[in-house]
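Student: Encoded as structure tokens, here's the structure I'll be asking about.
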Protein chains: 2
Amino acid sequence: METQAAASTPRGKRTRDAIVDAAAQLMYVDGVAGTSVDKVLAASGAGKSQMYHYFKNKDQLVEAVIDRYLEQILANQPAIFELTSWADFETWTEQLLDVQRRAGGPIACPLGNLAGEVGDNPKLAPLVDQAYRTWESHLVRGLTTLRDKGELRPDADPARLAQAAMTSVQGGLLLAHLRQDITALEDALGIALAYLRGHAVS
Amino acid sequence: METQAAASTPRGKRTRDAIVDAAAQLMYVDGVAGTSVDKVLAASGAGKSQMYHYFKNKDQLVEAVIDRYLEQILANQPAIFELTSWADFETWTEQLLDVQRRAGGPIACPLGNLAGEVGDNPKLAPLVDQAYRTWESHLVRGLTTLRDKGELRPDADPARLAQAAMTSVQGGLLLAHLRQDITALEDALGIALAYLRGHAVS
DNA sequence: AGCTTCTTGTACTAATCGGTACAGTGCACT
DNA sequence: AGTGCACTGTACCGATTAGTACAAGAAGCT
């Protein structure tokens, strides 16, 4: 049971990507329900037949968009793949801030924006959840590395610490989004970092 | 320039309230864009003429819903009005948790769900922001009281601490919402409380 | 060249969207 | 009893929605 069609030629892949890109951008600003398929196709230059050739319906397009968001997010914080010291965690938070500072658009997390909206859609919610878990797993890995290196206390729980860090990131982004002021995110990340370091071996 | 009509008779007020109630409930689950005016009217038993008698358009209905959300939220955490000791803050976090535990529905914050969706609507975003500021202001007041009583360090900034607490609340609710597991919120609140108490006079 | 499969453009549908028009009812006040 | 206003019910509008039908174009393979 394939969930959605794959493109089997370079041309098809380009078209499919263009649709997902346009959808990702529009849904980032207008939300899922606020972004019609027609708008996506107009923005991507594709026709309706392409859309329904590659996706069974709008929900499956949203699924692809969620994946795309996760890719973009992780690509924007490469330090998350190499968390082997406390300094690396600091670098990671700096990258998080830089992304929002560089982006001309509104301060926000694409996945966070979706979280509230699709929170009860039984098809989509698990995918958003899974995306967050993937994101978080890199933090877990980093914290585990630190623990193994003896820089994190042996009794510290990497999974719980990572979840705590994620709540700070998301809470900070939500407040910063509403106020369009990155200070809220800066503070949240600073506190999260201090909290993590509070479990370091002194 | 009145922004929206008021009901001037008991009957009118009942109708208006029924519309807002139905809208609040539906938008909590399906989001703003996912909730059509027609659905709201069907759920409330009102006709379209009532709706457009009391509200200029859908956006103004959403404005009323945002106000309603803030009322409900604050009513569910009465301890926030009497924060005069650290124990009161603990009571407050307990009430936050109890609300989510008691509610049979999904774990979520109605305002948080909206935050992502209306984040860029120039009419609605400031209202959501304002609702959060009102919410937060009670924390600021409580922390200021504690500082005046000498239980919070004089150099601590109530506004910043309150914002930090809000980020934890929202981040915790977002994660708990996605995972439908209140643990994320429990942890977030525990950490937030410890962070606040870290600024207490020892 | 010719065949097959992937891909694309256009036209279409039924349902739903937000919003309006307008005639009518309930109710207070005189 | 009559007048005026708040309120209500229903029918309607053009625009937009998600999704379909179908024929034609492009491209790889033999």
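Convention: chains lettered A, B, ... in structure tokens order; per-chain residue numbering from 1; ligands numbered from 1 as shown.
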Compute the chain C side of the contact with chain A at 7 Å, counting only C-alpha atoms (C1' of nucleotides), and hand it back as a ChimeraX atom specification.
Tutor: /C:7-9
Student: Suppose we keep N, CA and C atoms (P, O5', C5', C4', C3', O3' and C1' of nucleotides); can you now write the selection as a tab-separated table (two decimals), in the first residue's frame?
Tutor:
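Final output, saved to out15.tsv:
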```tsv
chain	number	residue	atom	x	y	z
C	7	DT	P	6.93	10.83	-14.04
C	7	DT	O5'	6.24	11.99	-14.89
C	7	DT	C5'	6.95	12.56	-15.98
C	7	DT	C4'	6.02	13.46	-16.78
C	7	DT	C3'	5.34	14.57	-15.97
C	7	DT	O3'	5.87	15.80	-16.37
C	7	DT	C1'	3.89	13.57	-17.58
C	8	DT	P	5.50	17.13	-15.58
C	8	DT	O5'	4.29	17.69	-16.45
C	8	DT	C5'	4.53	18.10	-17.80
C	8	DT	C4'	3.22	18.40	-18.49
C	8	DT	C3'	2.36	19.48	-17.83
C	8	DT	O3'	2.32	20.61	-18.68
C	8	DT	C1'	1.07	17.64	-18.60
C	9	DG	P	1.90	22.04	-18.12
C	9	DG	O5'	0.52	22.26	-18.90
C	9	DG	C5'	0.45	21.98	-20.30
C	9	DG	C4'	-0.96	22.20	-20.81
C	9	DG	C3'	-1.73	23.30	-20.10
C	9	DG	O3'	-2.37	24.11	-21.10
C	9	DG	C1'	-2.92	21.24	-19.92
```
Student: Give me, as a list in words, all polymer residues having an atom no more than 7 Å from Glu136 in chain B, counting only C-alpha atoms (C1' of nucleotides) and skipping those fewer than 5 positions away in the same chain.
Tutor: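 Using only C-alpha atoms (C1' of nucleotides), the neighbours found are Ala162, Gln163 and Met166 of chain B.
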Student: Chain D residues within 8 Å of chain A, counting only C-alpha atoms (C1' of nucleotides): which ones, as a list in words?
Tutor: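 Residues satisfying the distance criterion: DT17, DA18 and DG19 of chain D.
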Student: Take the selection from the previous step and output its residues with C-alpha atoms (C1' of nucleotides), as a PDB file, in the first residue's frame.
Tutor:
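Ended up saving to selection39.pdb:
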```pdb
ATOM      1  C1'  DT D  17     -13.028  24.711  -2.613  1.00  0.00           C
ATOM      2  C1'  DA D  18     -11.107  19.790  -3.374  1.00  0.00           C
ATOM      3  C1'  DG D  19     -11.113  16.577  -6.684  1.00  0.00           C
TER       4       DG D  19
END
```
Student: Can you tell me, as a PyMOL selection string, what residues are no more than 12 Å from range 75-78 of chain A when counting only C-alpha atoms (C1' of nucleotides), ignoring any on the same chain fewer than 4 positions away?
Tutor: chain A and resi 68-71+82-83+88-100+102-103+109+135+138-139
Student: Could you write out as a list in words the residues of chain B within 6 Å of chain A, counting only C-alpha atoms?
Tutor: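 Taken together, these residues fit the definition: Gly31, Ala33, Gly34, Asn113, Gly116, Glu117, Asp129, Thr167, Ser168, Gln170, Gly171, Gly172 and Leu178 of chain B.
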Student: So that I have them on file, write out the residues from the current selection with N, CA and C atoms, as a compact mmCIF listing (two decimals), in the first residue's frame.
Tutor:
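Everything below was put into result_37.txt:
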```txt
# COMPACT_ATOMS: atom_id res chain seq x y z
N GLY B 31 -9.46 24.41 14.29
CA GLY B 31 -8.73 25.59 13.86
C GLY B 31 -9.68 26.65 13.31
N ALA B 33 -9.44 28.48 10.31
CA ALA B 33 -9.76 28.30 8.91
C ALA B 33 -10.57 27.03 8.68
N GLY B 34 -10.40 26.06 9.56
CA GLY B 34 -11.12 24.80 9.42
C GLY B 34 -12.54 24.86 9.95
N ASN B 113 -3.05 27.01 20.11
CA ASN B 113 -3.45 26.46 18.81
C ASN B 113 -3.64 27.57 17.79
N GLY B 116 -0.16 29.79 15.99
CA GLY B 116 0.50 29.48 14.74
C GLY B 116 -0.33 29.89 13.54
N GLU B 117 -1.63 29.72 13.67
CA GLU B 117 -2.50 29.92 12.51
C GLU B 117 -2.71 31.40 12.18
N ASP B 129 -1.66 38.16 20.75
CA ASP B 129 -0.53 38.68 21.52
C ASP B 129 -1.02 39.35 22.80
N THR B 167 6.90 30.82 28.36
CA THR B 167 7.49 29.97 27.32
C THR B 167 7.47 28.51 27.75
N SER B 168 7.71 28.27 29.03
CA SER B 168 7.66 26.89 29.50
C SER B 168 6.25 26.34 29.41
N GLN B 170 3.83 27.26 27.42
CA GLN B 170 3.42 27.06 26.04
C GLN B 170 4.20 25.93 25.37
N GLY B 171 5.49 25.91 25.60
CA GLY B 171 6.29 24.83 25.04
C GLY B 171 5.83 23.48 25.58
N GLY B 172 5.59 23.44 26.87
CA GLY B 172 5.13 22.20 27.48
C GLY B 172 3.79 21.77 26.94
N LEU B 178 1.01 17.41 21.17
CA LEU B 178 1.43 16.52 20.09
C LEU B 178 1.47 15.06 20.56
```
Student: Taking the DSSP assignment computed from this structure's backbone, write out as a ChimeraX atom specification all residues of range 118-199 of chain A that belong to alpha helix (DSSP H).
Tutor: /A:125-148,158-179,183-197
Student: With C-alpha atoms kept, could you save the residues just selected as a short mmCIF file (atom, residue, chain, number, x, y, z; two decimals), in the first residue's frame?
Tutor:
```
data_model
loop_
_atom_site.label_atom_id
_atom_site.label_comp_id
_atom_site.auth_asym_id
_atom_site.auth_seq_id
_atom_site.Cartn_x
_atom_site.Cartn_y
_atom_site.Cartn_z
CA ALA A 125 -0.81 14.67 13.90
CA PRO A 126 1.34 11.55 14.21
CA LEU A 127 3.53 12.81 11.40
CA VAL A 128 4.16 16.12 13.10
CA ASP A 129 4.84 14.25 16.29
CA GLN A 130 7.27 11.99 14.50
CA ALA A 131 9.06 14.96 12.98
CA TYR A 132 9.55 16.42 16.43
CA ARG A 133 10.82 13.13 17.74
CA THR A 134 13.36 12.94 14.96
CA TRP A 135 14.49 16.47 15.71
CA GLU A 136 14.69 15.67 19.40
CA SER A 137 16.54 12.43 18.81
CA HIS A 138 19.61 14.35 17.73
CA LEU A 139 19.64 16.13 21.06
CA VAL A 140 19.26 12.81 22.85
CA ARG A 141 22.21 11.45 20.94
CA GLY A 142 24.32 14.48 21.76
CA LEU A 143 23.49 14.34 25.43
CA THR A 144 24.22 10.64 25.53
CA THR A 145 27.59 11.29 23.97
CA LEU A 146 28.35 13.85 26.63
CA ARG A 147 27.31 11.44 29.33
CA ASP A 148 29.54 8.76 27.91
CA PRO A 158 19.20 12.42 28.07
CA ALA A 159 15.65 11.83 26.84
CA ARG A 160 14.11 14.04 29.48
CA LEU A 161 16.71 16.73 29.10
CA ALA A 162 16.22 16.72 25.36
CA GLN A 163 12.47 17.05 25.76
CA ALA A 164 12.98 19.92 28.15
CA ALA A 165 15.20 21.62 25.59
CA MET A 166 12.58 21.15 22.90
CA THR A 167 9.88 22.69 25.05
CA SER A 168 12.09 25.73 25.53
CA VAL A 169 12.78 25.98 21.84
CA GLN A 170 9.11 25.70 20.92
CA GLY A 171 7.84 27.92 23.71
CA GLY A 172 10.44 30.52 22.90
CA LEU A 173 9.58 30.39 19.22
CA LEU A 174 5.88 30.71 19.92
CA LEU A 175 6.31 33.79 22.07
CA ALA A 176 8.89 35.29 19.73
CA HIS A 177 6.51 34.63 16.85
CA LEU A 178 3.61 36.39 18.50
CA ARG A 179 5.67 39.40 19.55
CA THR A 183 14.36 38.25 22.68
CA ALA A 184 11.85 35.70 23.92
CA LEU A 185 13.66 32.98 22.02
CA GLU A 186 17.07 34.19 23.16
CA ASP A 187 16.01 34.05 26.78
CA ALA A 188 14.36 30.66 26.41
CA LEU A 189 17.45 29.18 24.80
CA GLY A 190 19.73 30.72 27.41
CA ILE A 191 17.66 29.23 30.19
CA ALA A 192 17.48 25.86 28.47
CA LEU A 193 21.22 25.80 28.00
CA ALA A 194 21.80 26.72 31.63
CA TYR A 195 19.41 23.99 32.67
CA LEU A 196 21.25 21.40 30.63
CA ARG A 197 24.60 22.58 31.94
#
```
Student: Closest to DA23 in chain D among C:DA11, C:DC3, C:DA28, C:DA23, using only C-alpha atoms (C1' of nucleotides)?
Tutor: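 Under the stated criterion, the closest residue is C:DA11.
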Student: Between C1' of DC12 in chain C and CA of Lys123 in chain A, what is the distance in Å, rounded to a tenth?
Tutor: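 So the two atoms, C1' of DC12 in chain C and CA of Lys123 in chain A, lie 29.5 Å apart.
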